[in-house]
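Participant: Sending over a structure as structure tokens; questions will come in a sec.
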Amino acid sequence: MDELLIVNGHLVTWLPDAEIVENGAVLVRDGRIVAIGPSSELLETYPQVEQLDARGQLVMPGNICAHTHFYGAFARGMGIPGPPMQDFPDILARLWWRLDRALLDLDVQYSALVCLVDAIKHGTTTLIDHHASPNAINNSLDQIAVAVEQAGVRAALCYEVTDRNGRDGALAGIDENVRFWYSLKERDNLLLAGTFGLHASLSLSDETLADCVVAAQKLGCGFHIHVAEHEADEYDALYKYGKRVVHRLADAGILGTKSIVAHCVHIDAAEMNLLRETGTWVTHQPRSNMNNAVGAADVEGMLRLGIPVCLGNDGFSNNMWAEWKTAYLLHKAAHRDPRRMNGLDVVQMAVHNNAALARVFWPDLPLGKLEVGAAADIIFVDYHATTPLRAGNLPWHILFGFESSLVTTTMVGGKLLMQDRQLLTLDEAEITERSRELATAVWQRFEKLSA
């Protein structure tokens, strides 16, 4: 029996109406939380259990990222030849659709490792990834899975099916999603999950969408796709198919309670209603949207309709509190109204909705909260408030006081991945050195590829 008693922490449970538990303790057994209460009581009840002293730090559930791209790690610092990219379609063609073609098998693995080092250090314990590597499709998800298992975090993986690399490339992407889904049964662990990846409406024919639906129905899984990140996605759908993106995807059988649509910056009211009716998950990535200058999604409107909007990072750093802060500020700036995007809306997305989305992939494993029966995915945050700290004002302490460097300890399934800021499962120095070597070769291949 694997047991650990966390003591002397201020427990942030993220349970409804739950106050912060001062000087609390959490008993972890076989990867789950089995008891919570005052440190004095649990120390008396479980005197023989190994202890981990939180030393007055906040003890919280690990953060969850609803949409990311590990494969983009090698873009950091990379120069793009030619004039500045003028809009999002230009960014896709000149950056991302060249970078993903420059990746080979080991690049895929180390791109993931770079991001997972970042995740552990920032207290992000569960990630939903969306992968693309057109010249290294077969077994690419295994390359990521190896990195995930080595790191010890949780990740739901998929491969991005697209027609932009020809029919053979699209079929290979379908095959990779299917192959990986079945391989999960052989792995038999709670770190990995799968779904079915699609790029976006603008790069998918009706024929390919139909093939993906047939394949996914046999698996019983949903989809993970970008939707209306830029107006070009809507214009393309209207011109080619006579309907807006969300309606096209609904007609194809893509939407539903197991499917994720990322961004939704340029959907209209009818599309929002369709997302609500189908129970489809939406993810918001404010840092990426600002960087790509694509606009600000009507997140508040979607939340009011009852659409489950979650928070991702689109491949930016796995410091999810930075994403919280950007979401909080973006909508105020975009609307020139300080009343927009209440801190509680950010919590609804980043904590409660992200945790609910995670249950799609790990239905028997409650994530994102501290309660008996939940996964022991826990972080320590060395935050000592200089003003009163209560559950009711915690969101604003996070938005205005928390920094990623405050995370000192990260645990997933009861296993310590970082303790006192020392990584325990990954060799950051080796990963950094090797990734620099691999990135150099990727950049050289990138420069030879045409947009």
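Each chain of the structure tokens is named A, B, ... in the order shown, its residues numbered from 1; ligands are numbered from 1 in display order.
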Using only C-alpha atoms, which residues sit within 6 Å of range 394-407 of chain A once same-chain residues fewer than 6 positions away are excluded, as a PyMOL selection string?
Facilitator: chain A and resi 122+325+343+380-382
Participant: Can you write just those residues out, C-alpha atoms, as an mmCIF file, in the first residue's frame?
Facilitator:
```cif
data_model
loop_
_atom_site.group_PDB
_atom_site.id
_atom_site.type_symbol
_atom_site.label_atom_id
_atom_site.label_comp_id
_atom_site.auth_asym_id
_atom_site.auth_seq_id
_atom_site.Cartn_x
_atom_site.Cartn_y
_atom_site.Cartn_z
ATOM 1 C CA HIS A 122 4.117 25.452 -13.214
ATOM 2 C CA LYS A 325 -4.693 36.709 -15.936
ATOM 3 C CA GLY A 343 -12.839 36.643 -11.771
ATOM 4 C CA PHE A 380 2.069 23.267 -3.137
ATOM 5 C CA VAL A 381 2.044 27.037 -3.686
ATOM 6 C CA ASP A 382 4.359 29.174 -1.549
#
```
Participant: Determine, counting only C-alpha atoms, which protein, DNA and RNA residues have an atom within 10 Å of an atom of Gly9 in chain A; residues of the same chain fewer than 6 positions away are not included. Present the result as a PyMOL selection string.
Facilitator: chain A and resi 20-26+38-39+52-60+380-381
Participant: Mind dumping the selected residues with C-alpha atoms as a PDB file, in the first residue's frame?
Facilitator:
```
ATOM      1  CA  ILE A  20      -9.848  27.242   2.840  1.00  0.00           C
ATOM      2  CA  VAL A  21      -8.903  24.651   5.473  1.00  0.00           C
ATOM      3  CA  GLU A  22      -6.281  26.201   7.723  1.00  0.00           C
ATOM      4  CA  ASN A  23      -3.496  23.878   8.883  1.00  0.00           C
ATOM      5  CA  GLY A  24      -5.073  20.985   7.054  1.00  0.00           C
ATOM      6  CA  ALA A  25      -3.882  17.542   6.066  1.00  0.00           C
ATOM      7  CA  VAL A  26      -4.533  15.187   3.147  1.00  0.00           C
ATOM      8  CA  PRO A  38      -7.132  19.184  10.388  1.00  0.00           C
ATOM      9  CA  SER A  39      -3.474  18.176  10.627  1.00  0.00           C
ATOM     10  CA  LEU A  52       5.188  15.415   3.753  1.00  0.00           C
ATOM     11  CA  ASP A  53       5.249  18.795   5.495  1.00  0.00           C
ATOM     12  CA  ALA A  54       3.675  21.600   3.440  1.00  0.00           C
ATOM     13  CA  ARG A  55       5.164  24.149   5.856  1.00  0.00           C
ATOM     14  CA  GLY A  56       2.182  26.489   5.706  1.00  0.00           C
ATOM     15  CA  GLN A  57       1.964  26.614   1.910  1.00  0.00           C
ATOM     16  CA  LEU A  58      -1.300  26.467  -0.018  1.00  0.00           C
ATOM     17  CA  VAL A  59      -2.129  22.869  -0.975  1.00  0.00           C
ATOM     18  CA  MET A  60      -4.273  22.833  -4.122  1.00  0.00           C
ATOM     19  CA  PHE A 380       2.069  23.267  -3.137  1.00  0.00           C
ATOM     20  CA  VAL A 381       2.044  27.037  -3.686  1.00  0.00           C
TER      21      VAL A 381
END
```
Participant: Show which residues sit within 9 Å of Asn319 in chain A, as a list of chain:residue names. Count only C-alpha atoms, and ignore same-chain residues fewer than 2 positions away.
Facilitator: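 Once the nearby chain positions are removed, what remains is A:Asn63, A:Asp118, A:Ala119, A:Lys121, A:His122, A:Gly123, A:Thr124, A:Asn313, A:Phe316, A:Ser317, A:Trp321, A:Ala322, A:Glu323, A:Glu403, A:Ser404.
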Participant: Please produce a file of those selected residues containing C-alpha atoms, as a compact mmCIF listing (two decimals), in the first residue's frame.
Facilitator:
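Okay, this is what ended up in out_11.txt:
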```
# COMPACT_ATOMS: atom_id res chain seq x y z
CA ASN A 63 -4.00 22.90 -12.84
CA ASP A 118 7.33 23.43 -18.07
CA ALA A 119 4.03 21.90 -16.91
CA LYS A 121 7.31 23.42 -12.76
CA HIS A 122 4.12 25.45 -13.21
CA GLY A 123 1.84 23.02 -11.40
CA THR A 124 -0.10 21.88 -14.47
CA ASN A 313 -3.07 27.71 -23.69
CA PHE A 316 2.00 28.88 -24.84
CA SER A 317 3.79 28.15 -21.56
CA TRP A 321 -2.29 31.26 -14.05
CA ALA A 322 -0.81 33.44 -16.81
CA GLU A 323 -3.73 32.30 -18.95
CA GLU A 403 3.20 33.77 -9.93
CA SER A 404 4.31 30.50 -11.48
```
Participant: Can you tell me, as a tab-separated table (two decimals) with C-alpha atoms, in the first residue's frame, what residues are no more than 10 Å from Leu303 in chain A when counting only C-alpha atoms, ignoring any on the same chain fewer than 2 positions away?
Facilitator:
```
chain	number	residue	atom	x	y	z
A	276	ARG	CA	-25.22	24.56	-26.39
A	282	VAL	CA	-15.39	25.09	-26.09
A	298	ASP	CA	-17.70	36.08	-26.69
A	299	VAL	CA	-16.79	33.89	-23.74
A	300	GLU	CA	-19.18	35.60	-21.35
A	301	GLY	CA	-22.06	35.17	-23.78
A	305	LEU	CA	-25.97	30.36	-22.54
A	306	GLY	CA	-24.69	27.40	-20.55
A	307	ILE	CA	-21.96	26.40	-22.99
A	308	PRO	CA	-19.12	24.70	-21.08
A	309	VAL	CA	-16.22	27.01	-21.92
A	310	CYS	CA	-12.83	25.78	-20.68
A	345	ASP	CA	-16.00	33.44	-14.65
A	348	GLN	CA	-15.59	28.64	-13.76
A	349	MET	CA	-13.58	28.02	-16.93
```
Participant: Select, from A:Val153, A:Leu357, A:Cys115, A:Ile379, the residue with the minimum atom-to-atom distance to Leu11 in chain A, counting only C-alpha atoms.
Facilitator: A:Ile379
Participant: Set the distance at 8 Å and use only C-alpha atoms: which residues neighbour Leu141 in chain A once local chain neighbours fewer than 4 positions away are removed? I'd like the list as a PDB file with C-alpha atoms, in the first residue's frame.
Facilitator:
```pdb
ATOM      1  CA  HIS A 131      -0.560  17.057 -32.317  1.00  0.00           C
ATOM      2  CA  ALA A 145       3.038   9.021 -24.719  1.00  0.00           C
ATOM      3  CA  LEU A 157      -3.657  12.889 -26.976  1.00  0.00           C
ATOM      4  CA  CYS A 158      -4.821  13.016 -30.582  1.00  0.00           C
ATOM      5  CA  TYR A 159      -3.408  13.489 -34.074  1.00  0.00           C
ATOM      6  CA  GLU A 176      -2.788   7.202 -36.150  1.00  0.00           C
ATOM      7  CA  PHE A 180      -3.286   5.018 -30.583  1.00  0.00           C
TER       8      PHE A 180
END
```
Participant: From a DSSP pass on the backbone, collect the residues of range 15-216 of chain A flagged as strand (DSSP E) and hand them back as JSON, numbers by chain.
Facilitator: {"A": [21, 22, 23, 24, 25, 26, 27, 28, 29, 32, 33, 34, 35, 36, 37, 38, 51, 52, 53, 58, 59, 60, 61, 63, 64, 65, 66, 67, 68, 124, 125, 126, 127, 128, 129, 154, 155, 156, 157, 160, 161, 192, 193, 194, 196, 197, 198, 199, 200]}
Participant: For the residues in the current selection, export N, CA and C atoms as a CSV table (one decimal), in the first residue's frame.
Facilitator:
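Produced file selection10.csv, reproduced below:
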```csv
chain,number,residue,atom,x,y,z
A,21,VAL,N,-9.1,25.4,4.2
A,21,VAL,CA,-8.9,24.7,5.5
A,21,VAL,C,-7.5,25.0,6.0
A,22,GLU,N,-7.5,25.8,7.1
A,22,GLU,CA,-6.3,26.2,7.7
A,22,GLU,C,-5.6,25.0,8.4
A,23,ASN,N,-4.3,24.9,8.3
A,23,ASN,CA,-3.5,23.9,8.9
A,23,ASN,C,-4.1,22.5,8.7
A,24,GLY,N,-4.4,22.2,7.4
A,24,GLY,CA,-5.1,21.0,7.1
A,24,GLY,C,-4.1,19.9,6.6
A,25,ALA,N,-4.7,18.7,6.5
A,25,ALA,CA,-3.9,17.5,6.1
A,25,ALA,C,-4.7,16.7,5.0
A,26,VAL,N,-3.9,16.0,4.2
A,26,VAL,CA,-4.5,15.2,3.1
A,26,VAL,C,-3.8,13.8,3.2
A,27,LEU,N,-4.6,12.8,3.3
A,27,LEU,CA,-4.0,11.4,3.3
A,27,LEU,C,-4.2,10.9,1.9
A,28,VAL,N,-3.1,10.5,1.3
A,28,VAL,CA,-3.1,9.9,-0.1
A,28,VAL,C,-2.8,8.4,0.0
A,29,ARG,N,-3.6,7.6,-0.7
A,29,ARG,CA,-3.3,6.2,-0.7
A,29,ARG,C,-3.6,5.7,-2.1
A,32,ARG,N,-5.0,8.1,-4.7
A,32,ARG,CA,-6.2,8.9,-4.5
A,32,ARG,C,-6.2,9.5,-3.1
A,33,ILE,N,-7.1,10.5,-2.9
A,33,ILE,CA,-7.2,11.1,-1.6
A,33,ILE,C,-8.2,10.3,-0.8
A,34,VAL,N,-7.8,9.9,0.4
A,34,VAL,CA,-8.7,9.0,1.2
A,34,VAL,C,-9.2,9.7,2.5
A,35,ALA,N,-8.5,10.8,2.8
A,35,ALA,CA,-9.0,11.5,4.0
A,35,ALA,C,-8.5,13.0,4.0
A,36,ILE,N,-9.3,13.9,4.5
A,36,ILE,CA,-9.0,15.3,4.6
A,36,ILE,C,-9.5,15.8,5.9
A,37,GLY,N,-8.7,16.7,6.5
A,37,GLY,CA,-9.1,17.2,7.8
A,37,GLY,C,-8.0,18.0,8.4
A,38,PRO,N,-8.2,18.5,9.7
A,38,PRO,CA,-7.1,19.2,10.4
A,38,PRO,C,-5.9,18.3,10.6
A,51,GLN,N,5.1,11.2,6.2
A,51,GLN,CA,4.6,12.6,6.2
A,51,GLN,C,5.4,13.4,5.2
A,52,LEU,N,4.6,14.4,4.6
A,52,LEU,CA,5.2,15.4,3.8
A,52,LEU,C,4.7,16.7,4.3
A,53,ASP,N,5.6,17.5,4.8
A,53,ASP,CA,5.2,18.8,5.5
A,53,ASP,C,5.1,19.9,4.5
A,58,LEU,N,0.0,26.9,0.5
A,58,LEU,CA,-1.3,26.5,0.0
A,58,LEU,C,-1.2,25.1,-0.7
A,59,VAL,N,-2.1,24.2,-0.4
A,59,VAL,CA,-2.1,22.9,-1.0
A,59,VAL,C,-3.4,22.8,-1.8
A,60,MET,N,-3.2,22.7,-3.2
A,60,MET,CA,-4.3,22.8,-4.1
A,60,MET,C,-4.3,21.7,-5.1
A,61,PRO,N,-5.4,21.5,-5.8
A,61,PRO,CA,-5.4,20.6,-7.0
A,61,PRO,C,-4.5,21.1,-8.0
A,63,ASN,N,-3.3,22.2,-11.8
A,63,ASN,CA,-4.0,22.9,-12.8
A,63,ASN,C,-4.2,22.0,-14.0
A,64,ILE,N,-5.3,22.3,-14.8
A,64,ILE,CA,-5.6,21.5,-16.0
A,64,ILE,C,-5.6,22.4,-17.2
A,65,CYS,N,-5.0,22.0,-18.3
A,65,CYS,CA,-5.0,22.7,-19.6
A,65,CYS,C,-5.9,22.0,-20.6
A,66,ALA,N,-6.9,22.7,-21.1
A,66,ALA,CA,-7.9,22.1,-21.9
A,66,ALA,C,-7.5,22.0,-23.4
A,67,HIS,N,-6.5,22.8,-23.8
A,67,HIS,CA,-6.1,22.7,-25.3
A,67,HIS,C,-4.7,23.2,-25.4
A,68,THR,N,-3.8,22.3,-25.9
A,68,THR,CA,-2.4,22.8,-26.1
A,68,THR,C,-1.8,22.0,-27.3
A,124,THR,N,0.9,22.3,-13.6
A,124,THR,CA,-0.1,21.9,-14.5
A,124,THR,C,0.0,20.4,-14.6
A,125,THR,N,-1.0,19.7,-14.1
A,125,THR,CA,-0.9,18.2,-14.0
A,125,THR,C,-1.7,17.4,-15.0
A,126,THR,N,-2.6,18.1,-15.7
A,126,THR,CA,-3.4,17.4,-16.8
A,126,THR,C,-3.4,18.3,-18.0
A,127,LEU,N,-3.2,17.7,-19.2
A,127,LEU,CA,-3.1,18.5,-20.4
A,127,LEU,C,-3.9,17.7,-21.5
A,128,ILE,N,-4.6,18.5,-22.3
A,128,ILE,CA,-5.2,17.9,-23.5
A,128,ILE,C,-4.5,18.4,-24.7
A,129,ASP,N,-3.8,17.5,-25.4
A,129,ASP,CA,-2.8,18.0,-26.5
A,129,ASP,C,-3.5,17.7,-27.8
A,154,ARG,N,-0.7,13.7,-16.5
A,154,ARG,CA,-1.8,13.1,-17.3
A,154,ARG,C,-1.9,13.9,-18.6
A,155,ALA,N,-2.2,13.2,-19.7
A,155,ALA,CA,-2.5,13.8,-21.0
A,155,ALA,C,-3.4,13.0,-21.8
A,156,ALA,N,-4.3,13.8,-22.5
A,156,ALA,CA,-5.2,13.2,-23.5
A,156,ALA,C,-4.6,13.6,-24.9
A,157,LEU,N,-4.4,12.6,-25.7
A,157,LEU,CA,-3.7,12.9,-27.0
A,157,LEU,C,-4.5,12.6,-28.2
A,160,GLU,N,-3.8,15.4,-35.4
A,160,GLU,CA,-4.6,16.4,-36.3
A,160,GLU,C,-4.7,15.9,-37.7
A,161,VAL,N,-5.9,15.4,-38.0
A,161,VAL,CA,-6.2,15.0,-39.4
A,161,VAL,C,-6.5,16.3,-40.2
A,192,LEU,N,-2.7,8.3,-19.4
A,192,LEU,CA,-3.0,8.6,-20.8
A,192,LEU,C,-4.4,8.4,-21.2
A,193,ALA,N,-4.9,9.2,-22.1
A,193,ALA,CA,-6.2,9.0,-22.7
A,193,ALA,C,-6.1,9.5,-24.1
A,194,GLY,N,-7.2,9.2,-24.9
A,194,GLY,CA,-7.2,9.6,-26.3
A,194,GLY,C,-8.5,10.2,-26.8
A,196,PHE,N,-10.0,12.1,-30.9
A,196,PHE,CA,-9.8,12.1,-32.4
A,196,PHE,C,-9.5,13.5,-32.9
A,197,GLY,N,-8.3,13.7,-33.4
A,197,GLY,CA,-7.9,15.1,-33.7
A,197,GLY,C,-8.3,15.5,-35.2
A,198,LEU,N,-8.7,16.7,-35.3
A,198,LEU,CA,-9.0,17.3,-36.6
A,198,LEU,C,-8.4,18.7,-36.6
A,199,HIS,N,-7.9,19.2,-37.8
A,199,HIS,CA,-7.3,20.5,-37.8
A,199,HIS,C,-8.4,21.6,-37.7
A,200,ALA,N,-9.1,21.8,-38.8
A,200,ALA,CA,-10.1,22.8,-38.8
A,200,ALA,C,-11.0,22.6,-40.1
```
Participant: Can you tell me, as a ChimeraX atom specification, which residues in range 214-383 of chain A count as alpha helix (DSSP H) by DSSP?
Facilitator: /A:214-219,231-241,245-252,269-278,286-291,299-305,320-335,343-347,354-361
Participant: Find the residues near Val245 in chain A: any atom within 12 Å, counting only C-alpha atoms, skip ones fewer than 5 places away on the same chain, and give them as an MDAnalysis selection string.
Facilitator: chainID A and resid 200:204 225:240 250:252 254:255 261 264:268 270:272 274:275
Participant: For Val148 in chain A, which residue out of A:Ala269, A:Leu191, A:Ala391, A:Leu449 is the nearest one, using only C-alpha atoms?
Facilitator: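 Smallest distance to Val148 in chain A is found for A:Leu191.
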Participant: Looking at only C-alpha atoms, which of A:His130, A:Lys369, A:His284, A:His263 is the one that sits closest to Ile144 in chain A?
Facilitator: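 Checking each candidate against Ile144 in chain A, we get A:His130 as the closest.
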Participant: For Ala296 in chain A, which of A:Ala334, A:Thr195, A:Glu41, A:Gly152 is the closest residue, counting only C-alpha atoms?
Facilitator: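 Closest to Ala296 in chain A of all the choices is A:Ala334.
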Participant: To one decimal place, how far is CA of Lys218 in chain A from CA of Ala136 in chain A in Å?
Facilitator: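 Interatomic distance, CA of Lys218 in chain A to CA of Ala136 in chain A: 24.8 Å.
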Participant: Mind pulling up the distance from CA of Asp427 in chain A to CA of Val49 in chain A?
Facilitator: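 About the pair CA of Val49 in chain A and CA of Asp427 in chain A: they are 29.0 Å apart.
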